[in-house]
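Visitor: One file: my_file02.cif (mmCIF, C-alpha atoms).
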data_entry
loop_
_atom_site.group_PDB
_atom_site.id
_atom_site.type_symbol
_atom_site.label_atom_id
_atom_site.label_comp_id
_atom_site.auth_asym_id
_atom_site.auth_seq_id
_atom_site.Cartn_x
_atom_site.Cartn_y
_atom_site.Cartn_z
ATOM 1 C CA MET S 1 4.853 -1.335 -23.036
ATOM 2 C CA ALA S 2 3.159 -0.102 -19.858
ATOM 3 C CA GLU S 3 3.162 3.560 -18.874
ATOM 4 C CA VAL S 4 3.345 4.575 -15.208
ATOM 5 C CA LYS S 5 2.036 7.918 -13.975
ATOM 6 C CA LEU S 6 1.912 9.423 -10.487
ATOM 7 C CA TYR S 7 -1.268 11.025 -9.137
ATOM 8 C CA ARG S 8 -2.650 12.543 -5.990
ATOM 9 C CA PRO S 9 -5.490 10.221 -4.917
ATOM 10 C CA GLU S 10 -8.121 12.943 -5.220
ATOM 11 C CA GLU S 11 -7.267 13.354 -8.905
ATOM 12 C CA LEU S 12 -8.842 9.975 -9.676
ATOM 13 C CA GLU S 13 -12.593 9.645 -10.127
ATOM 14 C CA HIS S 14 -14.706 7.124 -8.256
ATOM 15 C CA ASP S 15 -14.990 4.831 -11.286
ATOM 16 C CA GLU S 16 -11.207 4.906 -11.699
ATOM 17 C CA TRP S 17 -10.775 3.804 -8.096
ATOM 18 C CA ARG S 18 -13.275 1.026 -8.766
ATOM 19 C CA GLN S 19 -11.047 -0.154 -11.617
ATOM 20 C CA LEU S 20 -8.051 -0.183 -9.285
ATOM 21 C CA GLN S 21 -10.065 -2.052 -6.670
ATOM 22 C CA SER S 22 -10.893 -4.666 -9.312
ATOM 23 C CA ILE S 23 -7.187 -5.027 -10.115
ATOM 24 C CA GLU S 24 -6.416 -5.562 -6.433
ATOM 25 C CA ARG S 25 -9.202 -8.132 -6.186
ATOM 26 C CA ASP S 26 -7.818 -10.150 -9.100
ATOM 27 C CA ALA S 27 -4.255 -9.837 -7.782
ATOM 28 C CA PHE S 28 -5.159 -11.194 -4.341
ATOM 29 C CA VAL S 29 -7.233 -14.018 -5.808
ATOM 30 C CA SER S 30 -4.214 -15.103 -7.842
ATOM 31 C CA THR S 31 -1.710 -14.937 -4.958
ATOM 32 C CA LEU S 32 -3.559 -15.783 -1.726
ATOM 33 C CA ASP S 33 -5.045 -19.158 -0.833
ATOM 34 C CA ARG S 34 -8.291 -17.607 0.344
ATOM 35 C CA THR S 35 -11.931 -17.798 -0.697
ATOM 36 C CA GLN S 36 -13.520 -15.149 -2.886
ATOM 37 C CA ALA S 37 -15.594 -14.025 0.104
ATOM 38 C CA GLU S 38 -12.462 -13.526 2.214
ATOM 39 C CA ILE S 39 -10.756 -11.550 -0.552
ATOM 40 C CA ASP S 40 -13.855 -9.405 -0.996
ATOM 41 C CA ALA S 41 -13.919 -8.676 2.745
ATOM 42 C CA LEU S 42 -10.225 -7.756 2.642
ATOM 43 C CA ILE S 43 -10.661 -5.127 -0.086
ATOM 44 C CA GLU S 44 -14.210 -4.062 0.817
ATOM 45 C CA TRP S 45 -15.490 -5.097 -2.593
ATOM 46 C CA ASP S 46 -19.099 -4.480 -1.604
ATOM 47 C CA ASP S 47 -18.330 -0.948 -0.388
ATOM 48 C CA PRO S 48 -16.452 0.818 -3.202
ATOM 49 C CA ALA S 49 -17.288 4.242 -1.767
ATOM 50 C CA HIS S 50 -15.422 3.381 1.450
ATOM 51 C CA PHE S 51 -12.509 1.935 -0.536
ATOM 52 C CA THR S 52 -12.265 5.201 -2.461
ATOM 53 C CA ALA S 53 -12.618 7.407 0.623
ATOM 54 C CA SER S 54 -9.925 5.527 2.557
ATOM 55 C CA HIS S 55 -7.491 6.061 -0.316
ATOM 56 C CA VAL S 56 -8.358 9.702 -0.925
ATOM 57 C CA ASP S 57 -7.764 10.344 2.793
ATOM 58 C CA PRO S 58 -6.315 7.482 4.868
ATOM 59 C CA ASN S 59 -6.773 9.606 8.004
ATOM 60 C CA THR S 60 -10.437 8.565 7.941
ATOM 61 C CA GLU S 61 -9.249 5.089 9.026
ATOM 62 C CA VAL S 62 -7.200 6.243 12.030
ATOM 63 C CA GLY S 63 -8.483 4.559 15.167
ATOM 64 C CA LYS S 64 -10.310 2.001 13.041
ATOM 65 C CA ARG S 65 -8.295 0.000 10.524
ATOM 66 C CA TYR S 66 -5.142 1.943 11.395
ATOM 67 C CA ASN S 67 -3.744 2.577 14.860
ATOM 68 C CA ALA S 68 -4.768 5.655 16.803
ATOM 69 C CA ASN S 69 -2.450 8.673 17.089
ATOM 70 C CA GLN S 70 -1.380 8.433 13.445
ATOM 71 C CA SER S 71 -1.347 11.114 10.759
ATOM 72 C CA TYR S 72 -1.046 10.591 7.014
ATOM 73 C CA SER S 73 -0.119 13.180 4.408
ATOM 74 C CA HIS S 74 1.328 13.466 0.906
ATOM 75 C CA SER S 75 -0.642 10.467 -0.383
ATOM 76 C CA ARG S 76 0.311 9.323 -3.864
ATOM 77 C CA VAL S 77 -0.874 6.613 -6.239
ATOM 78 C CA ALA S 78 1.203 5.320 -9.150
ATOM 79 C CA VAL S 79 -0.954 3.838 -11.918
ATOM 80 C CA ALA S 80 0.302 1.614 -14.726
ATOM 81 C CA THR S 81 -1.668 1.569 -17.965
ATOM 82 C CA LYS S 82 -1.400 -0.347 -21.206
ATOM 83 C CA ASN S 83 -3.423 0.695 -24.215
ATOM 84 C CA ARG S 84 -5.049 3.244 -21.887
ATOM 85 C CA GLU S 85 -6.350 0.525 -19.554
ATOM 86 C CA PRO S 86 -5.084 0.328 -15.942
ATOM 87 C CA ILE S 87 -3.168 -2.871 -15.234
ATOM 88 C CA GLY S 88 -1.583 -2.101 -11.865
ATOM 89 C CA PHE S 89 -1.177 0.466 -9.113
ATOM 90 C CA ALA S 90 0.762 1.237 -5.961
ATOM 91 C CA TYR S 91 -0.057 3.585 -3.103
ATOM 92 C CA SER S 92 2.073 5.461 -0.573
ATOM 93 C CA ALA S 93 1.733 8.205 2.032
ATOM 94 C CA HIS S 94 3.860 9.943 4.608
ATOM 95 C CA ASN S 95 3.103 8.620 8.087
ATOM 96 C CA VAL S 96 3.927 9.965 11.540
ATOM 97 C CA SER S 97 2.709 8.923 14.974
ATOM 98 C CA GLY S 98 2.512 10.712 18.298
ATOM 99 C CA GLY S 99 0.255 11.445 21.227
ATOM 100 C CA SER S 100 -0.690 14.956 20.094
ATOM 101 C CA GLU S 101 -1.225 16.838 16.849
ATOM 102 C CA GLN S 102 1.677 19.151 17.750
ATOM 103 C CA ASN S 103 3.973 16.185 18.252
ATOM 104 C CA ARG S 104 2.948 14.727 14.910
ATOM 105 C CA LEU S 105 3.410 18.080 13.180
ATOM 106 C CA VAL S 106 6.991 18.331 14.449
ATOM 107 C CA LYS S 107 7.706 14.856 13.070
ATOM 108 C CA ARG S 108 6.249 15.774 9.679
ATOM 109 C CA LEU S 109 8.866 18.515 9.432
ATOM 110 C CA THR S 110 11.707 15.999 9.804
ATOM 111 C CA VAL S 111 12.696 12.736 8.135
ATOM 112 C CA VAL S 112 13.739 10.818 11.252
ATOM 113 C CA LYS S 113 10.226 9.664 12.257
ATOM 114 C CA ASN S 114 8.372 10.648 9.083
ATOM 115 C CA TYR S 115 7.963 7.338 7.293
ATOM 116 C CA LEU S 116 7.124 6.631 3.686
ATOM 117 C CA TRP S 117 4.336 4.083 4.116
ATOM 118 C CA LEU S 118 3.986 1.692 1.205
ATOM 119 C CA ARG S 119 0.342 0.714 1.593
ATOM 120 C CA GLU S 120 -0.150 -1.652 -1.338
ATOM 121 C CA VAL S 121 0.972 -2.800 -4.756
ATOM 122 C CA ALA S 122 -1.368 -4.690 -7.072
ATOM 123 C CA VAL S 123 -0.855 -5.897 -10.630
ATOM 124 C CA LYS S 124 -3.238 -7.828 -12.858
ATOM 125 C CA PRO S 125 -2.287 -11.532 -12.837
ATOM 126 C CA GLU S 126 -1.461 -11.629 -16.549
ATOM 127 C CA HIS S 127 1.027 -8.775 -16.090
ATOM 128 C CA GLN S 128 2.747 -10.052 -12.955
ATOM 129 C CA ARG S 129 6.440 -11.010 -12.834
ATOM 130 C CA GLN S 130 7.253 -8.591 -15.641
ATOM 131 C CA GLY S 131 8.901 -5.923 -13.490
ATOM 132 C CA LEU S 132 5.794 -3.779 -13.251
ATOM 133 C CA ALA S 133 5.531 -3.851 -9.430
ATOM 134 C CA ARG S 134 9.171 -2.791 -9.296
ATOM 135 C CA GLU S 135 8.492 0.151 -11.614
ATOM 136 C CA LEU S 136 5.438 1.213 -9.611
ATOM 137 C CA GLY S 137 7.478 1.120 -6.412
ATOM 138 C CA ARG S 138 10.293 3.046 -8.038
ATOM 139 C CA THR S 139 7.850 5.782 -9.068
ATOM 140 C CA LEU S 140 6.637 6.214 -5.489
ATOM 141 C CA LEU S 141 10.137 6.147 -4.038
ATOM 142 C CA LYS S 142 11.343 8.838 -6.438
ATOM 143 C CA ASP S 143 8.615 11.106 -5.084
ATOM 144 C CA ALA S 144 9.680 10.500 -1.477
ATOM 145 C CA ILE S 145 12.225 12.388 0.621
ATOM 146 C CA GLY S 146 15.541 10.676 -0.071
ATOM 147 C CA LEU S 147 16.482 10.136 3.588
ATOM 148 C CA GLN S 148 12.959 9.204 4.645
ATOM 149 C CA PRO S 149 12.679 5.716 6.215
ATOM 150 C CA VAL S 150 10.294 3.349 4.443
ATOM 151 C CA ALA S 151 7.727 1.083 6.095
ATOM 152 C CA ALA S 152 5.503 -1.694 4.756
ATOM 153 C CA TYR S 153 3.336 -4.417 6.286
ATOM 154 C CA VAL S 154 3.228 -8.029 5.138
ATOM 155 C CA TRP S 155 1.393 -11.223 6.065
ATOM 156 C CA PRO S 156 4.166 -13.832 5.861
ATOM 157 C CA ASP S 157 1.956 -16.833 6.590
ATOM 158 C CA GLU S 158 -0.349 -15.934 3.704
ATOM 159 C CA ASP S 159 2.415 -15.598 1.110
ATOM 160 C CA PRO S 160 5.429 -17.361 2.628
ATOM 161 C CA ASP S 161 7.615 -17.586 -0.455
ATOM 162 C CA PHE S 162 7.547 -14.087 -1.865
ATOM 163 C CA LEU S 163 6.827 -10.698 -0.336
ATOM 164 C CA GLN S 164 8.825 -10.665 2.909
ATOM 165 C CA GLY S 165 11.860 -12.154 1.179
ATOM 166 C CA THR S 166 11.574 -9.626 -1.629
ATOM 167 C CA LEU S 167 11.496 -6.746 0.828
ATOM 168 C CA GLU S 168 14.452 -8.133 2.777
ATOM 169 C CA ARG S 169 16.483 -8.236 -0.430
ATOM 170 C CA LEU S 170 15.640 -4.559 -0.924
ATOM 171 C CA GLY S 171 16.990 -3.667 2.527
ATOM 172 C CA PHE S 172 13.923 -4.039 4.750
ATOM 173 C CA SER S 173 14.054 -5.705 8.164
ATOM 174 C CA PRO S 174 11.236 -6.846 10.478
ATOM 175 C CA THR S 175 10.550 -4.393 13.320
ATOM 176 C CA GLY S 176 7.522 -5.971 14.996
ATOM 177 C CA GLU S 177 4.409 -8.020 14.487
ATOM 178 C CA GLN S 178 0.818 -8.307 15.650
ATOM 179 C CA GLN S 179 -2.296 -10.356 15.037
ATOM 180 C CA VAL S 180 -4.875 -8.680 12.801
ATOM 181 C CA LYS S 181 -8.238 -9.549 11.298
ATOM 182 C CA VAL S 182 -8.120 -8.586 7.630
ATOM 183 C CA PHE S 183 -10.532 -11.093 6.102
ATOM 184 C CA GLY S 184 -13.617 -9.880 7.966
ATOM 185 C CA GLU S 185 -14.614 -9.360 11.582
ATOM 186 C CA ASN S 186 -15.547 -13.017 12.013
ATOM 187 C CA SER S 187 -12.296 -14.316 10.522
ATOM 188 C CA GLU S 188 -9.363 -15.769 12.425
ATOM 189 C CA PRO S 189 -6.550 -13.251 13.063
ATOM 190 C CA ILE S 190 -3.368 -13.591 11.032
ATOM 191 C CA ARG S 191 0.218 -12.501 11.648
ATOM 192 C CA GLN S 192 1.136 -9.073 10.296
ATOM 193 C CA VAL S 193 4.808 -8.068 10.247
ATOM 194 C CA ARG S 194 6.045 -4.510 9.999
ATOM 195 C CA MET S 195 9.061 -4.119 7.702
ATOM 196 C CA GLN S 196 11.315 -1.061 7.601
ATOM 197 C CA ALA S 197 14.146 0.123 5.364
ATOM 198 C CA PRO S 198 16.577 2.900 6.374
ATOM 199 C CA SER S 199 15.714 5.295 3.552
ATOM 200 C CA ALA S 200 13.875 5.700 0.266
ATOM 201 C CA ARG S 201 17.227 6.421 -1.372
ATOM 202 C CA ALA S 202 18.629 3.098 -0.172
ATOM 203 C CA VAL S 203 15.643 1.125 -1.438
ATOM 204 C CA LEU S 204 15.858 2.874 -4.813
ATOM 205 C CA ARG S 205 19.516 1.962 -5.023
ATOM 206 C CA ASN S 206 18.732 -1.678 -4.260
ATOM 207 C CA LEU S 207 15.977 -1.713 -6.886
ATOM 208 C CA GLY S 208 18.647 -0.927 -9.463
#
Show how you would write the structure in this file as structure tokens.

Guide:
Amino acid sequence: MAEVKLYRPEELEHDEWRQLQSIERDAFVSTLDRTQAEIDALIEWDDPAHFTASHVDPNTEVGKRYNANQSYSHSRVAVATKNREPIGFAYSAHNVSGGSEQNRLVKRLTVVKNYLWLREVAVKPEHQRQGLARELGRTLLKDAIGLQPVAAYVWPDEDPDFLQGTLERLGFSPTGEQQVKVFGENSEPIRQVRMQAPSARAVLRNLG
């Protein structure tokens, strides 16, 4: 039986983040029809220090990987372990946008434009389809503000039969899309769709 615990990202050591990065690597290899090199570019396998830093403080990626005029706070990582070994994790943070720091601060004090951003969920291939991703998500959602809207990003053309449909069944709807390069700077751009649900409470209710 797996155990799920919630942490602040800075509570995890560098080698623990490397273990989680390895889980994400294996998870993407098992679900995406991409080469190992493309997967490694996606998760920055050759730069574990940057992977760790971007999770400890996602604000370091604003204006780079993430759009400008964003602020992230209240980052959390849910880690699933079995026999004391990590087998899956999920990451979330509160996210607001705005043209000034004052504008973003005002939004952080409300729930209307203060989104719970579900950044990623990864489970070792041998533990997938056992309800573990659902439990990881539930752990993050329980830590959120109940009325806080929830946002996630998916690549429908990379995984056409699963993730977007799963989110739609949980109450998410598409709110926009753009072309992004996630498999390296020299890769072809792919379609990224933003999904949003009305509240963390509603998604929890739909999770059952």

Visitor: From the set S:Val112, S:Leu132, S:Ala200, S:Leu118, which residue has the shortest atom-to-atom contact distance to Gly146 of chain S, counting all atoms listed in the file?

Guide: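 The shortest atom-to-atom distance to Gly146 of chain S comes from S:Ala200.
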
Visitor: Near Arg119 of chain S, counting all atoms listed in the file, which residues have an atom at most 7 Å away, once you skip same-chain residues fewer than 4 positions from it, shown as number ranges by chain?

Guide: S: 91-92, 152

Visitor: Can you tell me which residues surround Leu170 of chain S at a distance of at most 9 Å, considering all atoms listed in the file, apart from same-chain residues fewer than 6 positions away, and format the answer as a PyMOL selection string?

Guide: chain S and resi 197+202-207

Visitor: For Gln179 of chain S, which of S:Gln196, S:Glu10, S:Pro156, S:Leu167 is the closest residue, counting only C-alpha atoms?

Guide: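 Selected residue with least distance to Gln179 of chain S: S:Pro156.
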
Visitor: For atom CA of Gln21 of chain S and atom CA of Gln164 of chain S, quote the distance in Å rounded to one decimal.

Guide: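 Between atom CA of Gln21 of chain S and atom CA of Gln164 of chain S the gap works out to 22.9 Å.
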
Visitor: Between atom CA of Glu177 of chain S and atom CA of Arg194 of chain S, measure the distance and give it in Å to one decimal.

Guide: 5.9 Å

Visitor: Neighbours of Glu168 of chain S within 9 Å (only C-alpha atoms; same-chain residues fewer than 5 positions away dropped), as number ranges by chain?

Guide: S: 163, 173-174, 195, 197

Visitor: Distance atom CA of Met1 of chain S-atom CA of Arg25 of chain S, one decimal place?

Guide: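 According to the coordinates, atom CA of Met1 of chain S and atom CA of Arg25 of chain S are separated by 23.0 Å.
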
Visitor: For the structure shown, which residues end up in the PyMOL selection byres ((chain S and resi 18) around 9)? Put them as a list in words, please?

Guide: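 For this structure, the PyMOL selection byres ((chain S and resi 18) around 9) resolves to Glu13, His14, Asp15, Glu16, Trp17, Gln19, Leu20, Gln21, Ser22, Ile23, Trp45, Pro48, Ala49, Phe51 and Thr52 of chain S.
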
Visitor: Name all residues at most 12 Å from Pro125 of chain S (count all atoms listed in the file; drop same-chain ones fewer than 3 positions away) and give them as number ranges by chain.

Guide: S: 22-32, 87-88, 122, 128-130, 132-133

Visitor: Which residue is closest to Glu11 of chain S? Choose from S:Val180, S:Val79, S:Ile43, S:Ala93 and count all atoms listed in the file.

Guide: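 Using all atoms listed in the file, Glu11 of chain S sits closest to S:Val79.
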
Visitor: So that each row is one residue of segment 113-166 of chain S with an atom at most 12 Å from segment 64-73 of chain S, can you give its shortest atom pair and the distance in Å to one decimal, using all atoms listed in the file, rows by chain and rising number, as JSON lines?

Guide:
{"residue": "S:Lys113", "atom": "CA", "partner": "S:Gln70", "partner_atom": "CA", "distance": 11.7}
{"residue": "S:Asn114", "atom": "CA", "partner": "S:Tyr72", "partner_atom": "CA", "distance": 9.6}
{"residue": "S:Tyr115", "atom": "CA", "partner": "S:Tyr72", "partner_atom": "CA", "distance": 9.6}
{"residue": "S:Leu116", "atom": "CA", "partner": "S:Tyr72", "partner_atom": "CA", "distance": 9.7}
{"residue": "S:Trp117", "atom": "CA", "partner": "S:Tyr72", "partner_atom": "CA", "distance": 8.9}
{"residue": "S:Leu118", "atom": "CA", "partner": "S:Tyr72", "partner_atom": "CA", "distance": 11.8}
{"residue": "S:Arg119", "atom": "CA", "partner": "S:Tyr66", "partner_atom": "CA", "distance": 11.3}
{"residue": "S:Ala144", "atom": "CA", "partner": "S:Ser73", "partner_atom": "CA", "distance": 11.7}
{"residue": "S:Tyr153", "atom": "CA", "partner": "S:Tyr66", "partner_atom": "CA", "distance": 11.8}

Visitor: Using all atoms listed in the file, pick whichever of S:His94, S:Lys82, S:His55, S:Lys124 has the shortest atom-to-atom distance to Pro149 of chain S.

Guide: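 For Pro149 of chain S, the nearest of the candidates is S:His94.
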
Visitor: With all atoms of segment 124-130 of chain S from the file as input, state the centre and edge lengths in Å to one decimal of the axis-aligned box that has 3 Å extra on each side, as AutoDock Vina command-line options.

Guide:
--center_x 2.0 --center_y -9.7 --center_z -14.7 --size_x 16.5 --size_y 9.8 --size_z 9.7

Visitor: Might you spell out which residues the PyMOL selection byres ((chain S and resi 140) around 8) would select in the displayed file, as a PDB file with C-alpha atoms, keeping the file's coordinate frame?

Guide:
ATOM      1  CA  LEU S   6       1.912   9.423 -10.487  1.00  0.00           C
ATOM      2  CA  ARG S  76       0.311   9.323  -3.864  1.00  0.00           C
ATOM      3  CA  VAL S  77      -0.874   6.613  -6.239  1.00  0.00           C
ATOM      4  CA  ALA S  78       1.203   5.320  -9.150  1.00  0.00           C
ATOM      5  CA  ALA S  90       0.762   1.237  -5.961  1.00  0.00           C
ATOM      6  CA  TYR S  91      -0.057   3.585  -3.103  1.00  0.00           C
ATOM      7  CA  SER S  92       2.073   5.461  -0.573  1.00  0.00           C
ATOM      8  CA  LEU S 136       5.438   1.213  -9.611  1.00  0.00           C
ATOM      9  CA  GLY S 137       7.478   1.120  -6.412  1.00  0.00           C
ATOM     10  CA  ARG S 138      10.293   3.046  -8.038  1.00  0.00           C
ATOM     11  CA  THR S 139       7.850   5.782  -9.068  1.00  0.00           C
ATOM     12  CA  LEU S 141      10.137   6.147  -4.038  1.00  0.00           C
ATOM     13  CA  LYS S 142      11.343   8.838  -6.438  1.00  0.00           C
ATOM     14  CA  ASP S 143       8.615  11.106  -5.084  1.00  0.00           C
ATOM     15  CA  ALA S 144       9.680  10.500  -1.477  1.00  0.00           C
TER      16      ALA S 144
END
